[in-house]
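**Q** This is start15.tsv (TSV, C-alpha atoms).
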```tsv
chain	number	residue	atom	x	y	z
A	15	GLY	CA	-14.32	-173.82	-230.56
A	16	SER	CA	-13.34	-176.50	-228.10
A	17	GLY	CA	-13.59	-176.77	-224.32
A	18	ILE	CA	-10.55	-175.56	-222.37
A	19	LEU	CA	-8.84	-178.11	-220.11
A	20	CYS	CA	-5.59	-176.36	-219.12
A	21	VAL	CA	-3.68	-173.09	-219.51
A	22	LEU	CA	0.07	-172.44	-219.20
A	23	PHE	CA	2.09	-169.22	-219.43
A	24	ARG	CA	5.60	-169.36	-220.94
A	25	GLU	CA	7.28	-166.52	-219.09
A	26	SER	CA	5.21	-163.46	-220.10
A	27	LEU	CA	5.63	-163.99	-223.82
A	28	GLU	CA	3.34	-166.84	-224.76
A	29	ILE	CA	0.36	-168.76	-223.50
A	30	PHE	CA	-0.46	-172.39	-224.28
A	31	VAL	CA	-4.03	-173.70	-224.08
A	32	GLY	CA	-4.99	-177.39	-224.01
A	33	THR	CA	-8.41	-178.20	-225.48
A	34	GLU	CA	-10.93	-181.02	-225.32
A	35	MET	CA	-10.48	-181.68	-229.05
A	36	GLY	CA	-6.76	-182.44	-228.63
A	37	ASP	CA	-5.31	-179.24	-230.05
A	38	ILE	CA	-2.86	-176.99	-228.21
A	39	GLU	CA	-3.36	-173.33	-229.07
A	40	LYS	CA	-0.23	-171.21	-228.77
A	41	PHE	CA	-0.67	-167.43	-228.54
A	42	ASP	CA	2.26	-165.01	-228.84
A	43	LEU	CA	1.44	-162.08	-226.56
A	44	VAL	CA	3.97	-159.81	-228.27
A	45	THR	CA	3.20	-160.32	-231.96
A	46	ARG	CA	-0.47	-161.27	-231.38
A	47	LYS	CA	0.04	-164.26	-233.65
A	48	SER	CA	-1.31	-167.71	-232.90
A	49	MET	CA	-0.41	-171.26	-233.83
A	50	THR	CA	-2.27	-174.56	-233.46
A	51	LEU	CA	-0.20	-177.52	-232.31
A	52	LYS	CA	-1.82	-180.71	-233.60
A	53	HIS	CA	-0.79	-184.17	-232.46
A	54	HIS	CA	-3.16	-185.40	-229.78
A	55	ALA	CA	-6.33	-187.16	-230.95
A	56	LYS	CA	-8.25	-186.43	-227.72
A	57	GLY	CA	-8.29	-183.84	-224.94
A	58	VAL	CA	-5.01	-182.31	-223.73
A	59	THR	CA	-5.21	-182.53	-219.95
A	60	SER	CA	-1.89	-181.12	-218.72
A	61	LEU	CA	1.03	-178.96	-219.90
A	62	ALA	CA	4.49	-178.36	-218.45
A	63	LEU	CA	7.67	-176.56	-219.51
A	64	PHE	CA	11.27	-177.74	-219.16
A	65	ASN	CA	14.73	-177.30	-220.72
A	66	ALA	CA	14.87	-173.61	-219.70
A	67	ASN	CA	11.33	-173.15	-221.01
A	68	ARG	CA	12.42	-174.11	-224.51
A	69	SER	CA	10.50	-177.40	-224.49
A	70	LEU	CA	6.87	-178.22	-223.75
A	71	VAL	CA	5.43	-181.57	-222.70
A	72	SER	CA	1.72	-182.44	-222.90
A	73	SER	CA	-0.44	-185.34	-221.77
A	74	GLY	CA	-3.68	-186.40	-223.39
A	75	ARG	CA	-6.72	-188.60	-223.09
A	76	ASP	CA	-5.49	-190.33	-226.25
A	77	GLY	CA	-2.88	-192.06	-224.08
A	78	ILE	CA	0.22	-190.26	-225.30
A	79	ILE	CA	2.81	-187.85	-223.94
A	80	THR	CA	4.17	-185.38	-226.48
A	81	VAL	CA	7.37	-183.36	-226.25
A	82	TRP	CA	7.37	-180.16	-228.31
A	83	LYS	CA	9.86	-177.50	-229.35
A	84	CYS	CA	8.15	-174.36	-228.04
A	85	HIS	CA	9.29	-171.84	-230.61
A	86	GLU	CA	8.39	-173.87	-233.69
A	87	GLY	CA	5.54	-175.93	-232.28
A	88	LYS	CA	7.33	-178.98	-233.62
A	89	VAL	CA	6.86	-182.48	-232.18
A	90	LEU	CA	10.21	-183.75	-230.89
A	91	LYS	CA	9.02	-187.10	-229.57
A	92	THR	CA	5.96	-189.12	-228.63
A	93	ILE	CA	5.70	-191.46	-225.65
A	94	VAL	CA	2.88	-194.01	-225.72
A	95	ALA	CA	1.29	-194.59	-222.30
A	96	GLU	CA	-1.62	-196.75	-223.49
A	97	GLU	CA	-4.03	-195.23	-220.98
A	98	SER	CA	-6.01	-192.00	-220.93
A	99	LEU	CA	-3.89	-189.47	-219.03
A	100	GLU	CA	-5.30	-186.83	-216.68
A	101	ALA	CA	-2.26	-185.13	-215.14
A	102	LEU	CA	1.47	-184.67	-215.75
A	103	ALA	CA	4.43	-183.12	-213.95
A	104	VAL	CA	8.08	-182.73	-214.97
A	105	CYS	CA	10.40	-183.79	-212.14
A	106	ASP	CA	13.86	-184.99	-211.06
A	107	HIS	CA	15.81	-182.06	-212.51
A	108	GLU	CA	13.64	-182.11	-215.62
A	109	THR	CA	14.75	-185.61	-216.63
A	110	LYS	CA	11.45	-187.36	-216.02
A	111	ALA	CA	7.73	-186.88	-216.60
A	112	CYS	CA	5.33	-188.25	-214.03
A	113	THR	CA	1.76	-189.08	-215.07
A	114	THR	CA	-1.50	-190.44	-213.75
A	115	GLY	CA	-4.54	-191.51	-215.72
A	116	GLU	CA	-7.55	-193.76	-216.05
A	117	ASN	CA	-5.83	-196.69	-214.32
A	118	GLY	CA	-5.19	-194.58	-211.22
A	119	GLY	CA	-1.48	-195.39	-210.89
A	120	ILE	CA	1.59	-193.15	-210.93
A	121	ARG	CA	4.06	-193.68	-213.76
A	122	PHE	CA	7.46	-192.16	-214.54
A	123	TRP	CA	8.95	-191.65	-218.00
A	124	ASP	CA	12.50	-190.81	-219.05
A	125	LEU	CA	12.22	-187.74	-221.29
A	126	LYS	CA	15.44	-188.60	-223.15
A	127	THR	CA	14.87	-192.29	-223.89
A	128	SER	CA	11.02	-192.16	-223.95
A	129	SER	CA	10.98	-195.32	-221.84
A	130	GLU	CA	9.01	-195.98	-218.68
A	131	VAL	CA	11.17	-196.04	-215.57
A	132	LEU	CA	10.51	-196.53	-211.87
A	133	LEU	CA	7.73	-199.06	-212.42
A	134	ARG	CA	5.36	-197.96	-209.67
A	135	ARG	CA	2.04	-198.07	-211.48
A	136	LYS	CA	0.80	-200.88	-209.21
A	137	LYS	CA	2.28	-199.46	-206.00
A	138	TYR	CA	-0.09	-196.49	-206.00
A	139	SER	CA	-3.75	-196.58	-207.00
A	140	ASN	CA	-6.83	-194.36	-207.34
A	141	VAL	CA	-4.72	-191.25	-208.02
A	142	LEU	CA	-6.69	-188.32	-209.45
A	143	ASP	CA	-4.10	-185.59	-209.80
A	144	ILE	CA	-0.39	-185.01	-209.39
A	145	THR	CA	1.66	-181.82	-209.19
A	146	LEU	CA	5.25	-180.83	-208.47
A	147	ALA	CA	5.81	-178.42	-205.58
A	148	GLY	CA	9.47	-177.63	-205.04
A	149	ASP	CA	11.18	-180.97	-204.42
A	150	VAL	CA	7.97	-182.86	-203.65
A	151	LEU	CA	5.44	-184.63	-205.86
A	152	VAL	CA	1.95	-184.30	-204.37
A	153	ALA	CA	-0.69	-186.81	-205.48
A	154	SER	CA	-4.40	-186.61	-204.60
A	155	LYS	CA	-6.37	-189.86	-204.39
A	156	VAL	CA	-10.02	-190.73	-204.94
A	157	GLU	CA	-10.56	-191.74	-201.32
A	158	GLY	CA	-9.27	-188.39	-200.07
A	159	ASP	CA	-5.70	-189.37	-199.18
A	160	VAL	CA	-2.76	-187.23	-200.26
A	161	LEU	CA	0.63	-188.76	-201.08
A	162	SER	CA	3.97	-186.97	-200.83
A	163	LEU	CA	6.54	-188.60	-203.13
A	164	ASP	CA	10.24	-188.24	-203.84
A	165	PRO	CA	10.46	-187.02	-207.46
A	166	LYS	CA	13.80	-188.81	-207.99
A	167	ASP	CA	12.74	-192.37	-207.34
A	168	GLY	CA	8.98	-192.22	-206.71
A	169	THR	CA	9.21	-193.50	-203.16
A	170	GLN	CA	6.60	-192.38	-200.68
A	171	ARG	CA	7.79	-189.77	-198.23
A	172	SER	CA	4.54	-189.44	-196.36
A	173	LEU	CA	0.84	-190.18	-196.49
A	174	THR	CA	-2.08	-188.05	-195.39
A	175	VAL	CA	-5.02	-190.10	-194.20
A	176	GLY	CA	-7.78	-187.91	-192.95
A	177	ASN	CA	-11.20	-188.81	-194.35
A	178	LEU	CA	-10.84	-185.80	-196.57
A	179	ASP	CA	-13.73	-186.71	-198.87
A	180	GLU	CA	-13.33	-185.68	-202.50
A	181	VAL	CA	-10.24	-183.47	-202.90
A	182	TYR	CA	-10.97	-180.51	-205.19
A	183	ASP	CA	-7.60	-178.78	-204.85
A	184	ALA	CA	-4.29	-179.17	-203.02
A	185	LYS	CA	-1.35	-176.78	-202.74
A	186	VAL	CA	2.01	-177.06	-200.97
A	187	LEU	CA	2.75	-174.25	-198.54
A	188	GLY	CA	6.30	-174.67	-197.25
A	189	ARG	CA	6.18	-177.68	-194.93
A	190	HIS	CA	2.38	-177.78	-194.99
A	191	ILE	CA	-0.29	-178.77	-197.48
A	192	ALA	CA	-3.52	-176.79	-197.94
A	193	ILE	CA	-6.50	-178.91	-199.00
A	194	ALA	CA	-9.97	-178.12	-200.38
A	195	SER	CA	-11.99	-181.30	-199.91
A	196	ASN	CA	-15.77	-180.98	-200.14
A	197	SER	CA	-15.83	-178.91	-196.97
A	198	ASN	CA	-16.54	-175.33	-195.96
A	199	ASP	CA	-13.05	-175.19	-194.42
A	200	VAL	CA	-9.58	-175.15	-195.93
A	201	ARG	CA	-7.68	-177.88	-194.11
A	202	ILE	CA	-3.98	-177.45	-193.34
A	203	LEU	CA	-1.94	-180.63	-193.01
A	204	ALA	CA	1.53	-181.06	-191.49
A	205	PRO	CA	3.91	-184.07	-191.38
A	206	THR	CA	4.26	-186.10	-188.20
A	207	GLU	CA	7.30	-188.03	-186.99
A	208	SER	CA	5.82	-191.22	-188.45
A	209	ASP	CA	5.63	-189.60	-191.91
A	210	ILE	CA	1.84	-189.53	-191.89
A	211	TRP	CA	0.43	-186.09	-192.56
A	212	ASP	CA	-2.06	-185.01	-189.95
A	213	HIS	CA	-4.57	-182.21	-189.53
A	214	SER	CA	-2.75	-179.13	-188.29
A	215	ALA	CA	-5.26	-176.29	-188.68
A	216	SER	CA	-8.53	-175.32	-190.34
A	217	LEU	CA	-9.31	-172.06	-192.05
A	218	SER	CA	-12.97	-171.50	-191.26
A	219	GLY	CA	-15.34	-168.83	-192.46
A	220	HIS	CA	-16.87	-169.95	-195.73
A	221	THR	CA	-20.54	-170.94	-195.51
A	222	ASN	CA	-20.42	-173.40	-198.41
A	223	VAL	CA	-17.93	-175.79	-200.00
A	224	VAL	CA	-14.47	-174.49	-200.93
A	225	LEU	CA	-13.83	-175.22	-204.62
A	226	ALA	CA	-10.33	-173.86	-205.25
A	227	ILE	CA	-7.29	-172.55	-203.41
A	228	ASP	CA	-4.00	-170.86	-204.20
A	229	VAL	CA	-0.95	-170.19	-202.04
A	230	GLY	CA	1.93	-167.75	-202.25
A	231	GLY	CA	4.34	-166.57	-199.61
A	232	GLU	CA	2.39	-166.13	-196.39
A	233	PHE	CA	-0.99	-165.97	-198.14
A	234	ILE	CA	-3.64	-168.64	-198.72
A	235	ALA	CA	-6.56	-167.71	-200.99
A	236	SER	CA	-9.79	-169.71	-201.27
A	237	ALA	CA	-12.83	-169.65	-203.55
A	238	SER	CA	-16.19	-171.06	-202.54
A	239	LYS	CA	-19.73	-171.95	-203.53
A	240	ASP	CA	-20.82	-169.26	-201.03
A	241	LYS	CA	-20.01	-166.68	-203.77
A	242	THR	CA	-17.00	-165.26	-201.91
A	243	ALA	CA	-13.23	-165.54	-201.87
A	244	ARG	CA	-11.13	-165.23	-198.76
A	245	VAL	CA	-7.45	-164.59	-198.09
A	246	TRP	CA	-5.59	-165.68	-194.96
A	247	LYS	CA	-2.11	-165.08	-193.62
A	248	PHE	CA	-0.59	-168.32	-192.38
A	249	ASN	CA	2.27	-168.61	-189.88
A	250	GLU	CA	4.06	-171.89	-190.55
A	251	GLU	CA	6.03	-171.97	-187.32
A	252	GLU	CA	2.92	-171.75	-185.17
A	253	SER	CA	0.44	-173.33	-187.64
A	254	ALA	CA	-1.63	-170.24	-186.96
A	255	SER	CA	-3.78	-168.27	-189.40
A	256	SER	CA	-5.57	-164.95	-189.54
A	257	LEU	CA	-8.25	-163.94	-192.01
A	258	VAL	CA	-7.28	-160.69	-193.73
A	259	PHE	CA	-9.64	-160.26	-196.71
A	260	ILE	CA	-13.21	-161.21	-197.58
A	261	ALA	CA	-13.97	-160.63	-201.25
A	262	GLU	CA	-17.70	-160.18	-201.87
A	263	GLY	CA	-19.29	-159.28	-205.19
A	264	HIS	CA	-19.82	-162.40	-207.26
A	265	THR	CA	-23.43	-163.51	-207.70
A	266	GLU	CA	-22.70	-167.21	-208.24
A	267	ALA	CA	-20.23	-169.84	-206.98
A	268	VAL	CA	-16.58	-168.80	-207.21
A	269	GLY	CA	-14.67	-171.68	-208.77
A	270	ALA	CA	-11.24	-170.20	-209.51
A	271	VAL	CA	-8.73	-168.06	-207.64
A	272	ALA	CA	-5.12	-167.02	-208.26
A	273	LEU	CA	-2.69	-164.90	-206.28
A	274	ALA	CA	-0.36	-162.47	-208.01
A	275	LYS	CA	3.21	-163.60	-208.57
A	276	LYS	CA	5.83	-162.16	-206.21
A	277	GLN	CA	7.92	-159.45	-207.89
A	278	LYS	CA	11.50	-158.57	-206.89
A	279	ASN	CA	10.72	-154.90	-206.43
A	280	GLN	CA	7.59	-155.47	-204.34
A	281	PRO	CA	7.57	-156.34	-200.62
A	282	SER	CA	4.46	-158.50	-200.98
A	283	ARG	CA	1.94	-159.79	-203.49
A	284	GLU	CA	-0.25	-156.99	-204.77
A	285	PHE	CA	-3.52	-158.59	-205.79
A	286	PHE	CA	-5.55	-161.73	-206.46
A	287	VAL	CA	-8.09	-162.62	-209.13
A	288	THR	CA	-11.24	-164.74	-209.11
A	289	GLY	CA	-13.50	-166.34	-211.70
A	290	ALA	CA	-17.04	-167.53	-211.09
A	291	ALA	CA	-20.17	-169.16	-212.44
A	292	ASP	CA	-21.58	-165.65	-212.93
A	293	ARG	CA	-19.18	-165.46	-215.91
A	294	THR	CA	-17.16	-162.58	-214.46
A	295	VAL	CA	-13.49	-162.15	-213.63
A	296	LYS	CA	-12.69	-159.84	-210.74
A	297	LEU	CA	-9.38	-158.39	-209.57
A	298	TRP	CA	-8.92	-157.51	-205.88
A	299	SER	CA	-6.15	-155.55	-204.17
A	300	LEU	CA	-4.24	-157.21	-201.33
A	301	GLY	CA	-3.15	-153.82	-200.00
A	302	SER	CA	0.07	-153.28	-198.10
A	303	ASN	CA	-0.95	-153.52	-194.44
A	304	ALA	CA	-3.30	-156.46	-194.24
A	305	SER	CA	-3.51	-157.44	-190.57
A	306	VAL	CA	-7.19	-157.73	-189.67
A	307	ALA	CA	-10.12	-159.11	-191.62
A	308	LYS	CA	-11.86	-156.62	-193.85
A	309	LYS	CA	-14.35	-156.80	-196.67
A	310	VAL	CA	-13.00	-155.58	-199.98
A	311	SER	CA	-14.55	-154.58	-203.29
A	312	ALA	CA	-13.16	-155.54	-206.67
A	313	VAL	CA	-10.75	-153.12	-208.34
A	314	TRP	CA	-12.34	-154.11	-211.63
A	315	THR	CA	-14.89	-156.57	-212.94
A	316	VAL	CA	-15.31	-157.82	-216.47
A	317	LEU	CA	-18.11	-159.96	-217.90
A	318	ALA	CA	-15.56	-162.29	-219.39
A	319	HIS	CA	-17.32	-165.34	-220.77
A	320	GLU	CA	-20.63	-166.83	-221.86
A	321	LYS	CA	-20.44	-169.77	-219.42
A	322	ASP	CA	-18.88	-170.67	-216.05
A	323	ILE	CA	-15.21	-169.79	-215.55
A	324	ASN	CA	-13.04	-172.80	-214.69
A	325	CYS	CA	-9.59	-171.26	-214.18
A	326	VAL	CA	-7.74	-167.97	-213.79
A	327	GLU	CA	-4.02	-167.24	-213.76
A	328	ALA	CA	-1.66	-164.26	-213.57
A	329	SER	CA	1.33	-163.99	-215.88
A	330	PRO	CA	4.82	-164.09	-214.30
A	331	ASP	CA	5.11	-160.30	-214.51
A	332	ASN	CA	1.50	-159.78	-213.28
A	333	LYS	CA	0.62	-157.66	-216.31
A	334	ILE	CA	-1.80	-160.14	-217.87
A	335	ILE	CA	-4.67	-162.17	-216.44
A	336	ALA	CA	-5.83	-165.31	-218.24
A	337	SER	CA	-9.28	-166.88	-217.80
A	338	GLY	CA	-10.58	-170.17	-219.16
A	339	SER	CA	-14.25	-171.08	-219.41
A	340	GLN	CA	-16.78	-173.76	-220.22
A	341	ASP	CA	-17.65	-171.60	-223.24
A	342	ARG	CA	-14.50	-173.06	-224.86
A	343	THR	CA	-12.48	-169.86	-224.85
A	344	VAL	CA	-9.43	-168.48	-223.09
A	345	LYS	CA	-9.27	-164.72	-222.77
A	346	LEU	CA	-6.44	-162.40	-221.75
A	347	TRP	CA	-6.98	-159.22	-219.76
A	348	GLY	CA	-4.68	-156.31	-219.00
A	349	ARG	CA	-4.08	-156.24	-215.26
A	350	ALA	CA	-4.18	-152.44	-215.16
A	351	ASP	CA	-7.62	-151.88	-216.67
A	352	SER	CA	-9.11	-155.28	-217.69
A	353	THR	CA	-8.81	-154.52	-221.42
```
Please render this file's structure as structure tokens.
**A**
Amino acid sequence: GSGILCVLFRESLEIFVGTEMGDIEKFDLVTRKSMTLKHHAKGVTSLALFNANRSLVSSGRDGIITVWKCHEGKVLKTIVAEESLEALAVCDHETKACTTGENGGIRFWDLKTSSEVLLRRKKYSNVLDITLAGDVLVASKVEGDVLSLDPKDGTQRSLTVGNLDEVYDAKVLGRHIAIASNSNDVRILAPTESDIWDHSASLSGHTNVVLAIDVGGEFIASASKDKTARVWKFNEEESASSLVFIAEGHTEAVGAVALAKKQKNQPSREFFVTGAADRTVKLWSLGSNASVAKKVSAVWTVLAHEKDINCVEASPDNKIIASGSQDRTVKLWGRADST
């Protein structure tokens, strides 16, 4: 086996897993068949879909970007970046890939011509991670700053300077950004008139460092070293929050959290899942009338792995839960009964 670095669902039909050894494992959830995609020589750090989910792009610590045909697992093209890559996002109407790596810059690549465009690698520095959220590229930096970039031309829309310390996780929530940054609080940032993001609110309650967050609709979920997860409702207009759920039950630090995906026939998100250093995955109900803080117990718990759990995710239809661990495995669980 090989350590798991990233996990990606393709609709609710397939799951792609990037490993430390450079392989991408593709699992068909319908036929139960698997395929190993081999091209990277070192760890696959990021995966993204484009072209109506027919194409996959991967970045690796071997310094290359690979474009794949999803169905066949065939390599369509290779782009040489000549630096170890840590994160990738597809942007600008799926015409470009944006990467960051060991040199700390932000680079853009034309997915059709395989050439580097928008030469901005020297403009930005010390970038740790980058993700696409709607029409905004969000980049987290070593010194704790967060950049908001235009995905079309890479220009800076805004900058958050807030002595954030090390940024563990960042998620875009409408016009706000939620940050987990070596603090017991989740910090909420909002843009100012001068295009510098400033502290707007803090979600307080954890008694140890927040390690991971997820956002969806009006909800913000957080996971912490204090062995709990919490869920808040956040009002964007007023930058006001209210704690609605405290999830207690893990016996070690909770390092992963994911909210259910919104379904067309449901008025709200139904549940959230957590993964922890106690090697368990837990599913919690969000209920239908969350208005005041209450402690909740897990709907189900499964001893999922042999080592710490690094990531959890719900499939687009919420029927499957995926967990990835330091034990070098990814496991899939039925949402209904954890089997």
**Q** Could you name the residues that touch Ile38 in chain A at 6 Å or less, counting all atoms listed in the file, but leaving out those on the same chain fewer than 3 positions away, as a ChimeraX atom specification?
**A** /A:31-32,50-51
**Q** When you draw a straight line from CA of Gly338 in chain A to CA of Met49 in chain A, how long is it in Å?
**A**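 Going from CA of Gly338 in chain A over to CA of Met49 in chain A covers 17.9 Å.
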**Q** Nearest residue to Gly301 in chain A out of A:Ala215, A:Ala153, A:Ile120, A:Val313, using all atoms listed in the file?
**A** A:Val313
**Q** So that I can check the surroundings of Ile78 in chain A, please list as a ChimeraX atom specification every protein, DNA and RNA residue that reaches within 10 Å of it, counting all atoms listed in the file and ignoring chain neighbours fewer than 4 positions away.
**A** /A:53-56,58,72-74,92-99
**Q** Using the file's own x, y and z axes, what box holds all listed atoms of range 16-21 of chain A with 6 Å on each side, keeping edges along x, y and z, and what are its centre and edge lengths in Å to one decimal, as AutoDock Vina command-line options?
**A**
```
--center_x -8.6 --center_y -175.6 --center_z -223.6 --size_x 21.9 --size_y 17.0 --size_z 21.0
```
**Q** Between A:Leu346, A:Gln280, A:Val89, A:Ala291, which has the minimum distance to Asp42 in chain A (counting all atoms listed in the file)?
**A**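 Result for the nearest residue to Asp42 in chain A: A:Leu346.
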**Q** Neighbouring residues of Glu25 in chain A were defined as those with any atom within 10 Å, considering all atoms listed in the file; residues of the same chain fewer than 3 positions away were excluded. Please report them as a JSON list (two decimals) with C-alpha atoms, in the coordinates of the input.
**A**
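What landed in out_20.json:
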```
[["chain", "number", "residue", "atom", "x", "y", "z"],
["A", 22, "LEU", "CA", 0.07, -172.44, -219.20],
["A", 28, "GLU", "CA", 3.34, -166.84, -224.76],
["A", 29, "ILE", "CA", 0.36, -168.76, -223.50],
["A", 67, "ASN", "CA", 11.33, -173.15, -221.01],
["A", 329, "SER", "CA", 1.33, -163.99, -215.88],
["A", 330, "PRO", "CA", 4.82, -164.09, -214.30],
["A", 331, "ASP", "CA", 5.11, -160.30, -214.51]]
```
**Q** So, counting all atoms listed in the file, which residue among A:Ile335, A:Leu70, A:Val271, A:Ile234 is closest to Trp82 in chain A?
**A**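 Counting all atoms listed in the file, the residue closest to Trp82 in chain A is A:Leu70.
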**Q** Using 9 Å as the limit and counting all atoms listed in the file, can you tabulate each residue of range 238-315 of chain A that touches range 219-224 of chain A, with its shortest atom-to-atom distance in Å and the two atoms involved, as a Markdown table?
**A**
```
| residue | atom | partner | partner_atom | distance |
| --- | --- | --- | --- | --- |
| A:Ser238 | CA | A:Val224 | CA | 4.2 |
| A:Lys239 | CA | A:Asn222 | CA | 5.4 |
| A:Asp240 | CA | A:Asn222 | CA | 4.9 |
| A:Lys241 | CA | A:Asn222 | CA | 8.6 |
| A:Thr242 | CA | A:His220 | CA | 7.8 |
| A:Ala243 | CA | A:His220 | CA | 8.4 |
| A:Arg244 | CA | A:His220 | CA | 8.0 |
| A:Leu257 | CA | A:Gly219 | CA | 8.6 |
| A:Val268 | CA | A:Val224 | CA | 8.7 |
| A:Gly269 | CA | A:Val224 | CA | 8.3 |
```
**Q** What is the CA of Glu250 in chain A to CA of Gly230 in chain A distance in Å?
**A**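 One can read the CA of Glu250 in chain A to CA of Gly230 in chain A distance as 12.6 Å.
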**Q** Take CA of Leu27 in chain A and CA of Leu43 in chain A and report the distance between them in Å, one decimal.
**A**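 Those two atoms sit 5.4 Å apart.
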**Q** Quick one: residues within 8 Å of Phe285 in chain A, all atoms listed in the file counted, chain neighbours fewer than 6 positions away excluded, as a list in words?
**A** Leu273, Ala274, Leu297, Trp298, Ser299, Leu300 and Gly301 of chain A
**Q** So which one's closest to Val326 in chain A, A:Gly289, A:Gly36, A:Gly348, A:Gly118? Using only C-alpha atoms, please.
**A** A:Gly289
**Q** Can you pull out every residue within 12 Å of Asp143 in chain A, counting only C-alpha atoms, but drop anything in the same chain fewer than 3 positions away, and send it as an NGL selection string?
**A** :A and (59-60 or 99-103 or 112-116 or 118-120 or 139-140 or 146 or 151-156 or 158-161 or 180-185)
**Q** When distances are computed from only C-alpha atoms, which of A:Asp199, A:Glu39, A:Glu108, A:Asp179 shows the smallest separation from Val21 in chain A?
**A**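 Distance minimum relative to Val21 in chain A lands on A:Glu39.
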**Q** If we draw a sphere of 9 Å around (11.2, -181.5, -215.4), which residues have at least one atom in it when counting only C-alpha atoms? Please report them as a PyMOL selection string.
**A** chain A and resi 62-65+103-111+125
**Q** With all atoms listed in the file as the atoms that count, which of A:Ser172, A:Ser255, A:Asn249, A:Ser337 lies nearest to Ser216 in chain A?
**A**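 That would be A:Ser255, the residue with the smallest distance to Ser216 in chain A.
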